[in-house]
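Undergrad: Would you mind keeping the following structure in view while I ask a few things?
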Amino acid sequence: MKTYIITAPKSCPYCGSTLVKSTNADGTYGVDIICENKNCIGIKKSHLTFIISKACFDIKDFGESTVNLLFDNNIINSWWEIFDLTIDNLIDKANLTQYSAEKLYYNIQNVKDFATGEHILFSLGIKSIGKIKAAKIINIIGSLDDVNIDDNIINQLNKEIGPESTKSFINDICSDENTAIINYFKNNNFNLSAKKVECEKLSDSLKDIKILVSGTLENYSRDEVKKIIESHGGIYASGVNKTLDILVCGKNIGASKLEKAKKLGIKMINEDEFEKMLK
């Protein structure tokens, strides 16, 4: 049997920074060799790949090639900036087709529908804080909005997730970087608490009707029209397929989407017709 000697790399292949041994929450060295450069493009790409994966936000139609494209073309500089992307950004800067840009945009925005404080906490990538521990932490502290760690909270955390993970959470949650990320999600109306926020029920005029809005509406933003559909009992769809009931056509709707809706025999209406359905 041959024996191979593997020499550990000394510098990061992405940014050239010196690599160091990882450290555990108790201060001892870990087994990994890591780059500590916060601006390392390799780390940023790796984190976004984790963010879009099934383990985290599970954003469909968002692959590694798109991750590389967004960073390599300076379309984004930090992973959370994907929530600022517009359809025009994805078409003009990322060179996606209208259909692909709309699909990816809606899939990214759909994160707002299900994300709670535990998802946001897990997305920060704090060492030793996985999904289960993130959920336990949010249940104890209530919300990531204005985190207040006192002795009672520390005792509960020690009991539920262990002293090492508690120390890791406390050390990292109030860092400048994580504070900026949490404030971003707060300012963009993400749910930072443990419970999913249900929209106010206004009527059943759209009960069980699956609706997709494509193009630009005059009176509603994308988030607003989605909430309106759900508050009237409807189901907001993410794409054109045979299960779709109605396609609301705004300005600059993609030709491919119109063509597909016609082939499937889906009912198509304009913004005025949509508003009449709400009454």
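We name chains A, B, ... following the order of the structure tokens; residues begin at 1 in each chain, and ligands are numbered from 1 as shown.
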May I have the residues within 12 Å of Asn39 (chain A) as a list of chain:residue names, using only C-alpha atoms and disregarding those fewer than 4 positions away in the same chain?
TA: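 The residues that qualify are A:Tyr14, A:Cys15, A:Gly16, A:Ser17, A:Cys35, A:Ile43, A:Lys44, A:Lys45, A:His47, A:Phe71, A:Asn77, A:Ser78, A:Trp79, A:Glu177.
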Undergrad: Suppose we keep C-alpha atoms; can you now write the selection as a compact mmCIF listing (two decimals), in the first residue's frame?
TA:
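Now in selection-v9.txt:
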```txt
# COMPACT_ATOMS: atom_id res chain seq x y z
CA TYR A 14 -9.15 32.82 -3.70
CA CYS A 15 -7.64 35.84 -1.98
CA GLY A 16 -4.10 34.76 -1.07
CA SER A 17 -4.54 35.41 2.68
CA CYS A 35 -9.32 31.89 5.68
CA ILE A 43 -15.97 32.69 1.55
CA LYS A 44 -18.71 34.94 0.19
CA LYS A 45 -19.52 32.53 -2.63
CA HIS A 47 -21.85 31.33 2.16
CA PHE A 71 -20.15 38.00 -7.49
CA ASN A 77 -21.04 42.19 -2.69
CA SER A 78 -22.75 40.41 0.24
CA TRP A 79 -25.10 37.41 0.24
CA GLU A 177 -21.44 42.26 10.75
```
Undergrad: Name the residues of region 86-141 of chain A that come out as helix (DSSP H, G or I) in a backbone DSSP run; write them as an MDAnalysis selection string.
TA: chainID A and resid 87:92 98:109 111:114 117:123 131:141
Undergrad: The selected residues should be written to file as a compact mmCIF listing (two decimals), in the first residue's frame (atoms: N, CA and C atoms).
TA:
```txt
# COMPACT_ATOMS: atom_id res chain seq x y z
N ILE A 87 -35.83 42.27 -11.31
CA ILE A 87 -35.88 41.55 -12.57
C ILE A 87 -34.97 42.23 -13.59
N ASP A 88 -34.97 43.56 -13.60
CA ASP A 88 -34.11 44.30 -14.53
C ASP A 88 -32.64 44.04 -14.26
N ASN A 89 -32.25 43.97 -12.96
CA ASN A 89 -30.86 43.63 -12.60
C ASN A 89 -30.45 42.31 -13.23
N LEU A 90 -31.32 41.33 -13.07
CA LEU A 90 -31.01 39.97 -13.51
C LEU A 90 -30.97 39.87 -15.03
N ILE A 91 -31.74 40.70 -15.71
CA ILE A 91 -31.73 40.70 -17.17
C ILE A 91 -30.54 41.50 -17.70
N ASP A 92 -30.39 42.73 -17.20
CA ASP A 92 -29.38 43.64 -17.74
C ASP A 92 -27.96 43.31 -17.29
N GLN A 98 -35.84 36.96 -19.77
CA GLN A 98 -36.97 37.49 -19.01
C GLN A 98 -37.60 36.40 -18.15
N TYR A 99 -37.80 35.24 -18.77
CA TYR A 99 -38.43 34.12 -18.04
C TYR A 99 -37.59 33.69 -16.85
N SER A 100 -36.29 33.47 -17.07
CA SER A 100 -35.40 33.02 -15.99
C SER A 100 -35.27 34.08 -14.90
N ALA A 101 -35.20 35.34 -15.30
CA ALA A 101 -35.07 36.43 -14.33
C ALA A 101 -36.30 36.53 -13.45
N GLU A 102 -37.48 36.45 -14.04
CA GLU A 102 -38.72 36.53 -13.26
C GLU A 102 -38.83 35.35 -12.31
N LYS A 103 -38.52 34.15 -12.80
CA LYS A 103 -38.63 32.96 -11.97
C LYS A 103 -37.69 33.03 -10.77
N LEU A 104 -36.44 33.42 -11.02
CA LEU A 104 -35.47 33.53 -9.93
C LEU A 104 -35.86 34.63 -8.96
N TYR A 105 -36.31 35.77 -9.48
CA TYR A 105 -36.72 36.89 -8.63
C TYR A 105 -37.84 36.47 -7.68
N TYR A 106 -38.88 35.82 -8.22
CA TYR A 106 -40.01 35.42 -7.39
C TYR A 106 -39.59 34.38 -6.36
N ASN A 107 -38.70 33.47 -6.74
CA ASN A 107 -38.24 32.45 -5.79
C ASN A 107 -37.45 33.07 -4.65
N ILE A 108 -36.67 34.09 -4.95
CA ILE A 108 -35.93 34.80 -3.89
C ILE A 108 -36.89 35.54 -2.98
N GLN A 109 -37.85 36.25 -3.55
CA GLN A 109 -38.79 37.02 -2.75
C GLN A 109 -39.70 36.13 -1.92
N VAL A 111 -38.94 33.85 -0.08
CA VAL A 111 -38.31 33.56 1.22
C VAL A 111 -39.04 34.34 2.33
N LYS A 112 -39.51 35.54 2.00
CA LYS A 112 -40.20 36.37 2.99
C LYS A 112 -41.46 35.69 3.54
N ASP A 113 -42.04 34.78 2.75
CA ASP A 113 -43.31 34.17 3.15
C ASP A 113 -43.15 33.16 4.28
N PHE A 114 -42.01 32.47 4.29
CA PHE A 114 -41.87 31.41 5.29
C PHE A 114 -40.78 31.68 6.32
N GLY A 117 -37.48 33.94 12.56
CA GLY A 117 -36.23 34.26 13.23
C GLY A 117 -35.22 33.13 13.21
N GLU A 118 -35.69 31.89 13.29
CA GLU A 118 -34.75 30.76 13.30
C GLU A 118 -34.05 30.61 11.95
N HIS A 119 -34.77 30.89 10.84
CA HIS A 119 -34.15 30.85 9.53
C HIS A 119 -33.07 31.93 9.41
N ILE A 120 -33.40 33.14 9.87
CA ILE A 120 -32.45 34.25 9.79
C ILE A 120 -31.21 33.94 10.63
N LEU A 121 -31.43 33.44 11.84
CA LEU A 121 -30.31 33.12 12.72
C LEU A 121 -29.43 32.04 12.10
N PHE A 122 -30.05 31.00 11.56
CA PHE A 122 -29.30 29.91 10.94
C PHE A 122 -28.49 30.41 9.76
N SER A 123 -29.05 31.38 9.02
CA SER A 123 -28.38 31.90 7.83
C SER A 123 -27.10 32.66 8.16
N LYS A 131 -29.81 24.21 12.57
CA LYS A 131 -31.23 24.54 12.52
C LYS A 131 -31.94 24.30 13.84
N ILE A 132 -31.67 23.17 14.44
CA ILE A 132 -32.37 22.81 15.68
C ILE A 132 -32.00 23.78 16.80
N LYS A 133 -30.72 24.08 16.93
CA LYS A 133 -30.29 25.00 17.98
C LYS A 133 -30.78 26.41 17.70
N ALA A 134 -30.83 26.79 16.42
CA ALA A 134 -31.34 28.12 16.07
C ALA A 134 -32.79 28.26 16.50
N ALA A 135 -33.59 27.20 16.29
CA ALA A 135 -35.00 27.22 16.68
C ALA A 135 -35.13 27.34 18.20
N LYS A 136 -34.29 26.61 18.93
CA LYS A 136 -34.34 26.66 20.40
C LYS A 136 -33.95 28.05 20.91
N ILE A 137 -32.96 28.66 20.27
CA ILE A 137 -32.52 30.00 20.69
C ILE A 137 -33.64 31.01 20.49
N ILE A 138 -34.28 30.99 19.32
CA ILE A 138 -35.36 31.94 19.03
C ILE A 138 -36.54 31.73 19.97
N ASN A 139 -36.83 30.49 20.31
CA ASN A 139 -37.92 30.23 21.26
C ASN A 139 -37.62 30.80 22.63
N ILE A 140 -36.34 30.89 22.96
CA ILE A 140 -35.94 31.42 24.28
C ILE A 140 -35.88 32.94 24.26
N ILE A 141 -35.25 33.53 23.24
CA ILE A 141 -35.09 34.99 23.23
C ILE A 141 -36.28 35.71 22.60
```
Undergrad: Suppose you want the space between CA of Ile173 (chain A) and CA of Asn68 (chain A); what is it in Å?
TA: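 Separating CA of Ile173 (chain A) from CA of Asn68 (chain A) is a distance of 27.7 Å.
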Undergrad: What's around Cys174 (chain A) at 10 Å? Count only C-alpha atoms, leave out sequence neighbours fewer than 6 positions away in its own chain, and write the answer as a PyMOL selection string.
TA: chain A and resi 146-148+180+182
Undergrad: For the residues selected in the previous step, produce a file with C-alpha atoms as a CSV table (one decimal), in the first residue's frame.
TA:
```
chain,number,residue,atom,x,y,z
A,146,ASP,CA,-33.2,44.0,19.9
A,147,VAL,CA,-31.5,40.9,21.4
A,148,ASN,CA,-31.1,41.3,25.2
A,180,ALA,CA,-25.9,45.0,10.2
A,182,ILE,CA,-30.2,41.6,11.2
```
Undergrad: Of the candidates A:Asn270, A:Thr18, A:Asn252, A:Thr116, which shows the shortest atom-to-atom distance to Ser143 (chain A), using only C-alpha atoms?
TA: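 Of the candidates, the smallest distance to Ser143 (chain A) is held by A:Thr116.
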Undergrad: Would you please extract all strand (DSSP E or B) residues from region 139-239 of chain A, as assigned by DSSP on the backbone, and give them as number ranges by chain?
TA: A: 143, 193, 210-214, 216, 235-236
Undergrad: Between A:Pro163, A:Leu144, A:Asp172, A:Ser221, which is the closest to Ile126 (chain A) once you count only C-alpha atoms?
TA: A:Asp172
Undergrad: If we count only C-alpha atoms and set the cut-off at 10 Å, which residues sit around Thr243 (chain A), ignoring sequence neighbours fewer than 6 positions away in its own chain? Please answer as an MDAnalysis selection string.
TA: chainID A and resid 209:211 237 264 266
Undergrad: Given the choices A:Leu69, A:Leu278, A:Cys12, A:Leu244, which gets closest to Lys262 (chain A) if the distance is worked out from only C-alpha atoms?
TA: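 Nearest to Lys262 (chain A): A:Leu244.
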Undergrad: Quick one: everything within 8 Å of Thr216 (chain A), counting only C-alpha atoms, minus sequence neighbours fewer than 6 positions away in the same chain. Send it as JSON, numbers by chain.
TA: {"A": [250, 251, 252, 253]}
Undergrad: Could you take the residues named above and write them with C-alpha atoms, as a PDB file, in the first residue's frame?
TA:
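This is the output file again-v9.pdb:
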```pdb
ATOM      1  CA  GLY A 250     -48.974  43.919 -15.968  1.00  0.00           C
ATOM      2  CA  LYS A 251     -46.799  46.151 -18.126  1.00  0.00           C
ATOM      3  CA  ASN A 252     -43.725  44.613 -19.773  1.00  0.00           C
ATOM      4  CA  ILE A 253     -44.847  41.046 -19.146  1.00  0.00           C
TER       5      ILE A 253
END
```
Undergrad: One number please: CA of Asp223 (chain A) to CA of Ile59 (chain A), in Å, one decimal.
TA: 17.2 Å
